[in-house]
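Since the structure comes first, as structure tokens, the remarks are kept for the end.
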Amino acid sequence: MISPLRIALIGAGNMGRQHYQHLQQMDGAQLCAIADPGPQAAAFAAECAVPHFTDHRQMLAQVAPEAVIVANPNAQHVRTALDCLAAGVPVLVEKPVGVDLDEVAELVAASSASGVPVLVGHHRRHNPMISRARQVVQSGVLGRLTTVTALWQLQKPDSYFDIAWRREPGAGMLLTNLIHDLDLLRYLCGEVRQVQAFGSNGIRGFGNEDSVAVLLQFENGALGTLTGSDGVAAPWSWELGSGENPVYPRQADQPCYLLAGTAGALSVPQLTRWHYAEPGAGWHEPLQQVQETFAPAEALRVQLEHFIEVARGQVEPLVSVVDAARTLALVDAIGDAIRTGRACAPRALGQAG
């Protein structure tokens with residue numbers, strides 16, 4: 001019988017604690033240590049009945065975990081993951097994989113040279129609903145994908161911004177929130193060739209954007225839009241529509257992605273597919289509806305189960321460092337388009353910034 005995989009947690013904030021809640025319910029893995037210099041971390045480690053370290057390097061040396069979850073601040077992701085790879089320990093790195101493509105390239109090289117696997121935590125890809133949506137798109141029943149409409153419109157309470165860093169440059173919707181949606185658009189619809197974008201901080205006047213409008217041209221010829229704001233009283237977002245996280249009241253009948261092709265269309269998260277009964281029909285004929293089905297499961301738990309297999313060398317990561325870097329490059333391109341007013345293409349790893 002295989003012993004539970006000994007997983008250490010680096011970062012005991014919100015995401016780290018969510019991972020621990022799932023670890024508690026799994027037979028295939030167990031928490032073995034926590035590393036976090038924060039004032040609350042020692043008490044949390046005591047609750048979990050595992051050793052606490054303020055320095056993750058000391059934890060790696062003394063505990064020798066079989067795998068690590070990196071859930072510390074974004075700017076520390078790459079350096080922390082590099083330390084884990086140097087110790088020969090497979091790692092699950094929370095999104096974003098990093099904040100700079102050049103440092104992410106270093107992580108790509110280190111993972112390739114060491115052979116130690118890295119999974120990046122774009123957990124929504126592990127949601128069975130998204131898996132089904134991707135199957136529908138790839139099956140060809142929508143015909144040639146032509147237009148993509150993505151919405152992320154909701155209202156963060158004023159208290160969200162009581163934490164100072166959330167009001168500063170780099171902490172806005174693009175890197176914190178819309179990176180999830182952009183990753184799913186890549187996963188569902190393919191790579192993006194170029195973007196145009198506008199951004200505004202007109203609602204709050206903070207050092208980051210509170211509203212954006214993005215035009216995307218996909219490599220397959222499809223055109224898309226992503227419209228986002230975290231300062232509007234609206235229900236159109238993954239958080240409010242998908243029911244993935246119970247802390248958000250669900251607006252189950254409201255879509256966040258609309259994918260339209262020459263033979264059909266699909267709304268997400270509803271997974272309602274639309275098509276005509278006969279080829280060649282048009283707007284004078286009624287559209288038919290098909291409800292696509294799937295077996296629901298918690299995306300974070302499915303991701304953790306996948307990570308156990310990745311760490312044991314049984315499967316390849318669903319979201320590799322290179323894959324996650326492409327999403328980060330797309331976020332960067334949108335930021336460049338907002339600043340310059342020009343169409344921008346996502347930069348490939350190794351290209352000059």
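Residue names in the structure tokens use chain letters A, B, ... in the order shown, residue numbers from 1 in each chain, and ligand numbers from 1 in the order shown.
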Per-residue nearest contacts segment 96-128 of chain A to segment 241-253 of chain A, cut-off 12 Å, using only C-alpha atoms, as a Markdown table:
```
| residue | atom | partner | partner_atom | distance |
| --- | --- | --- | --- | --- |
| A:His123 | CA | A:Glu244 | CA | 10.6 |
| A:Arg124 | CA | A:Glu244 | CA | 8.8 |
| A:Arg125 | CA | A:Glu244 | CA | 11.9 |
| A:His126 | CA | A:Glu244 | CA | 11.2 |
| A:Asn127 | CA | A:Glu244 | CA | 8.4 |
| A:Pro128 | CA | A:Glu244 | CA | 10.8 |
```
Practice task
Write out as an MDAnalysis selection string all residues of segment 132-236 of chain A that backbone DSSP assigns to helix (DSSP H, G or I).
Solution key: chainID A and resid 132:139 158:162 164:167 173:189
Would you save the residues from that selection as an mmCIF file, in the first residue's frame, using N, CA and C atoms?
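part27.cif, written as the output of this step:
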```cif
data_model
loop_
_atom_site.group_PDB
_atom_site.id
_atom_site.type_symbol
_atom_site.label_atom_id
_atom_site.label_comp_id
_atom_site.auth_asym_id
_atom_site.auth_seq_id
_atom_site.Cartn_x
_atom_site.Cartn_y
_atom_site.Cartn_z
ATOM 1 N N ARG A 132 -15.750 19.791 -19.678
ATOM 2 C CA ARG A 132 -16.838 19.487 -20.611
ATOM 3 C C ARG A 132 -16.964 20.570 -21.673
ATOM 4 N N ALA A 133 -16.844 21.839 -21.266
ATOM 5 C CA ALA A 133 -16.925 22.929 -22.240
ATOM 6 C C ALA A 133 -15.840 22.788 -23.294
ATOM 7 N N ARG A 134 -14.636 22.425 -22.888
ATOM 8 C CA ARG A 134 -13.539 22.253 -23.838
ATOM 9 C C ARG A 134 -13.817 21.089 -24.791
ATOM 10 N N GLN A 135 -14.391 20.007 -24.266
ATOM 11 C CA GLN A 135 -14.754 18.874 -25.124
ATOM 12 C C GLN A 135 -15.764 19.303 -26.187
ATOM 13 N N VAL A 136 -16.742 20.124 -25.780
ATOM 14 C CA VAL A 136 -17.758 20.595 -26.724
ATOM 15 C C VAL A 136 -17.106 21.409 -27.831
ATOM 16 N N VAL A 137 -16.235 22.349 -27.455
ATOM 17 C CA VAL A 137 -15.582 23.202 -28.458
ATOM 18 C C VAL A 137 -14.731 22.350 -29.392
ATOM 19 N N GLN A 138 -13.962 21.430 -28.829
ATOM 20 C CA GLN A 138 -13.044 20.632 -29.646
ATOM 21 C C GLN A 138 -13.755 19.572 -30.474
ATOM 22 N N SER A 139 -14.998 19.246 -30.114
ATOM 23 C CA SER A 139 -15.746 18.233 -30.877
ATOM 24 C C SER A 139 -16.166 18.732 -32.247
ATOM 25 N N ASP A 158 -15.844 48.027 -0.300
ATOM 26 C CA ASP A 158 -14.808 48.993 0.058
ATOM 27 C C ASP A 158 -13.776 48.377 0.990
ATOM 28 N N SER A 159 -14.228 47.468 1.870
ATOM 29 C CA SER A 159 -13.318 46.866 2.845
ATOM 30 C C SER A 159 -12.211 46.053 2.176
ATOM 31 N N TYR A 160 -12.450 45.588 0.946
ATOM 32 C CA TYR A 160 -11.424 44.827 0.232
ATOM 33 C C TYR A 160 -10.146 45.641 0.093
ATOM 34 N N PHE A 161 -10.308 46.945 -0.044
ATOM 35 C CA PHE A 161 -9.165 47.820 -0.300
ATOM 36 C C PHE A 161 -8.572 48.416 0.978
ATOM 37 N N ASP A 162 -9.006 47.934 2.138
ATOM 38 C CA ASP A 162 -8.380 48.370 3.394
ATOM 39 C C ASP A 162 -6.921 47.906 3.464
ATOM 40 N N ALA A 164 -3.418 47.838 2.064
ATOM 41 C CA ALA A 164 -2.790 48.881 1.258
ATOM 42 C C ALA A 164 -2.323 48.397 -0.112
ATOM 43 N N TRP A 165 -1.724 47.189 -0.188
ATOM 44 C CA TRP A 165 -1.147 46.763 -1.458
ATOM 45 C C TRP A 165 -2.194 46.562 -2.538
ATOM 46 N N ARG A 166 -3.465 46.367 -2.138
ATOM 47 C CA ARG A 166 -4.519 46.175 -3.120
ATOM 48 C C ARG A 166 -4.875 47.468 -3.847
ATOM 49 N N ARG A 167 -4.367 48.602 -3.357
ATOM 50 C CA ARG A 167 -4.611 49.886 -4.001
ATOM 51 C C ARG A 167 -3.449 50.327 -4.879
ATOM 52 N N MET A 173 -7.136 44.321 -11.278
ATOM 53 C CA MET A 173 -7.898 43.178 -11.774
ATOM 54 C C MET A 173 -7.100 42.285 -12.705
ATOM 55 N N LEU A 174 -6.251 42.883 -13.534
ATOM 56 C CA LEU A 174 -5.591 42.091 -14.570
ATOM 57 C C LEU A 174 -4.813 40.926 -13.993
ATOM 58 N N LEU A 175 -3.900 41.206 -13.066
ATOM 59 C CA LEU A 175 -3.046 40.151 -12.537
ATOM 60 C C LEU A 175 -3.724 39.356 -11.426
ATOM 61 N N THR A 176 -4.669 39.977 -10.736
ATOM 62 C CA THR A 176 -5.310 39.314 -9.605
ATOM 63 C C THR A 176 -6.516 38.483 -10.024
ATOM 64 N N ASN A 177 -7.324 39.017 -10.931
ATOM 65 C CA ASN A 177 -8.594 38.372 -11.264
ATOM 66 C C ASN A 177 -8.694 37.928 -12.718
ATOM 67 N N LEU A 178 -8.501 38.856 -13.642
ATOM 68 C CA LEU A 178 -8.734 38.535 -15.050
ATOM 69 C C LEU A 178 -7.741 37.528 -15.602
ATOM 70 N N ILE A 179 -6.614 37.330 -14.927
ATOM 71 C CA ILE A 179 -5.680 36.297 -15.369
ATOM 72 C C ILE A 179 -6.356 34.926 -15.387
ATOM 73 N N HIS A 180 -7.302 34.696 -14.470
ATOM 74 C CA HIS A 180 -8.066 33.440 -14.471
ATOM 75 C C HIS A 180 -8.879 33.316 -15.756
ATOM 76 N N ASP A 181 -9.596 34.393 -16.097
ATOM 77 C CA ASP A 181 -10.466 34.357 -17.271
ATOM 78 C C ASP A 181 -9.643 34.241 -18.554
ATOM 79 N N LEU A 182 -8.524 34.955 -18.612
ATOM 80 C CA LEU A 182 -7.667 34.870 -19.785
ATOM 81 C C LEU A 182 -7.084 33.474 -19.942
ATOM 82 N N ASP A 183 -6.746 32.834 -18.832
ATOM 83 C CA ASP A 183 -6.240 31.468 -18.910
ATOM 84 C C ASP A 183 -7.313 30.523 -19.439
ATOM 85 N N LEU A 184 -8.553 30.693 -18.973
ATOM 86 C CA LEU A 184 -9.629 29.831 -19.467
ATOM 87 C C LEU A 184 -9.939 30.110 -20.936
ATOM 88 N N LEU A 185 -9.865 31.369 -21.361
ATOM 89 C CA LEU A 185 -10.099 31.671 -22.774
ATOM 90 C C LEU A 185 -9.042 30.998 -23.649
ATOM 91 N N ARG A 186 -7.786 30.999 -23.201
ATOM 92 C CA ARG A 186 -6.741 30.280 -23.928
ATOM 93 C C ARG A 186 -7.042 28.785 -23.967
ATOM 94 N N TYR A 187 -7.467 28.253 -22.829
ATOM 95 C CA TYR A 187 -7.709 26.816 -22.716
ATOM 96 C C TYR A 187 -8.890 26.377 -23.580
ATOM 97 N N LEU A 188 -9.933 27.213 -23.643
ATOM 98 C CA LEU A 188 -11.134 26.860 -24.381
ATOM 99 C C LEU A 188 -11.042 27.215 -25.862
ATOM 100 N N CYS A 189 -10.399 28.333 -26.170
ATOM 101 C CA CYS A 189 -10.501 28.899 -27.517
ATOM 102 C C CYS A 189 -9.193 28.924 -28.292
#
```
Problem - Spatial neighbours of Glu106 of chain A, max dist 10 Å, only C-alpha atoms, sep filter under 3 positions, as a ChimeraX atom specification - result: /A:78-79,82,101-103,109-112,349-350
Problem - Shortest interatomic distance to Gly115 of chain A - which of A:Val310, A:Val302, A:Ala75, A:Leu271, counting only C-alpha atoms - result: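 The closest residue to Gly115 of chain A is A:Val310.
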Practice task
Using DSSP on the backbone, list every residue of segment 8-194 of chain A that comes out as strand (DSSP E), and give them as number ranges by chain.
Solution key: A: 8-10, 29-35, 52-53, 67-70, 91-94, 118-121, 145-153, 192-194
Exercise for the section: Point out the residue among A:Arg326, A:Arg193, A:His52, A:Arg342 with the least atom-to-atom distance to Leu216 of chain A, counting only C-alpha atoms. Expected result: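 Smallest separation from Leu216 of chain A among the options: A:Arg193.
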Practice task
Would you mind telling me which residue in A:Glu298, A:Glu168, A:Glu219, A:Asp332 lies nearest to Arg204 of chain A when using only C-alpha atoms?
Solution key: A:Glu168
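Between atom CA of His19 of chain A and atom CA of Leu300 of chain A the interatomic distance comes to 7.3 Å.
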Determine, using only C-alpha atoms, which residues of segment 285-338 of chain A have any atom at most 10 Å from an atom of segment 210-215 of chain A, and tabulate each with its shortest atom pair and distance in Å to one decimal place, rows ordered by chain and then rising number, as CSV.
```
residue,atom,partner,partner_atom,distance
A:Ile334,CA,A:Val214,CA,7.3
A:Gly335,CA,A:Val212,CA,10.0
A:Ala337,CA,A:Val214,CA,9.0
A:Ile338,CA,A:Val212,CA,8.7
```
Completion exercise
Judged by only C-alpha atoms, the minimum distance to Gly205 of chain A among A:Pro169, A:Ile130, A:Thr340, A:Gln18 is found for A:Pro169
Exercise for the section: Go through A:Leu223, A:Ala333, A:Val232, A:Cys256 and flag the residue nearest Ile203 of chain A, using only C-alpha atoms for the distances. Expected result: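 So, comparing all the options, the nearest one is A:Val232.
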Handout entry: Coordinates-based distance that separates atom CA of Asp323 of chain A from atom CA of Ser131 of chain A (Å, one decimal)
Key = 16.7 Å
Handout entry: For Gln254 of chain A: contacts at 12 Å, only C-alpha atoms, fewer than 6 positions along chain excluded, given as a list in words
Key =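 Selected residues are Ala150, Leu151, Trp152, Gln153, Ala234, Pro235, Trp236, Ser237, Trp238, Glu239, Leu240, Gly241, Ser242, Gly243, Ser267, Val268, Pro269, Gln270, Leu271 and Thr272 of chain A.
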Practice task
Pick out the closest residue to Ile7 of chain A from this set: A:Ala325, A:Leu287, A:Leu85, A:Ile308. Count only C-alpha atoms.
Solution key: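 Result for the nearest residue to Ile7 of chain A: A:Ile308.
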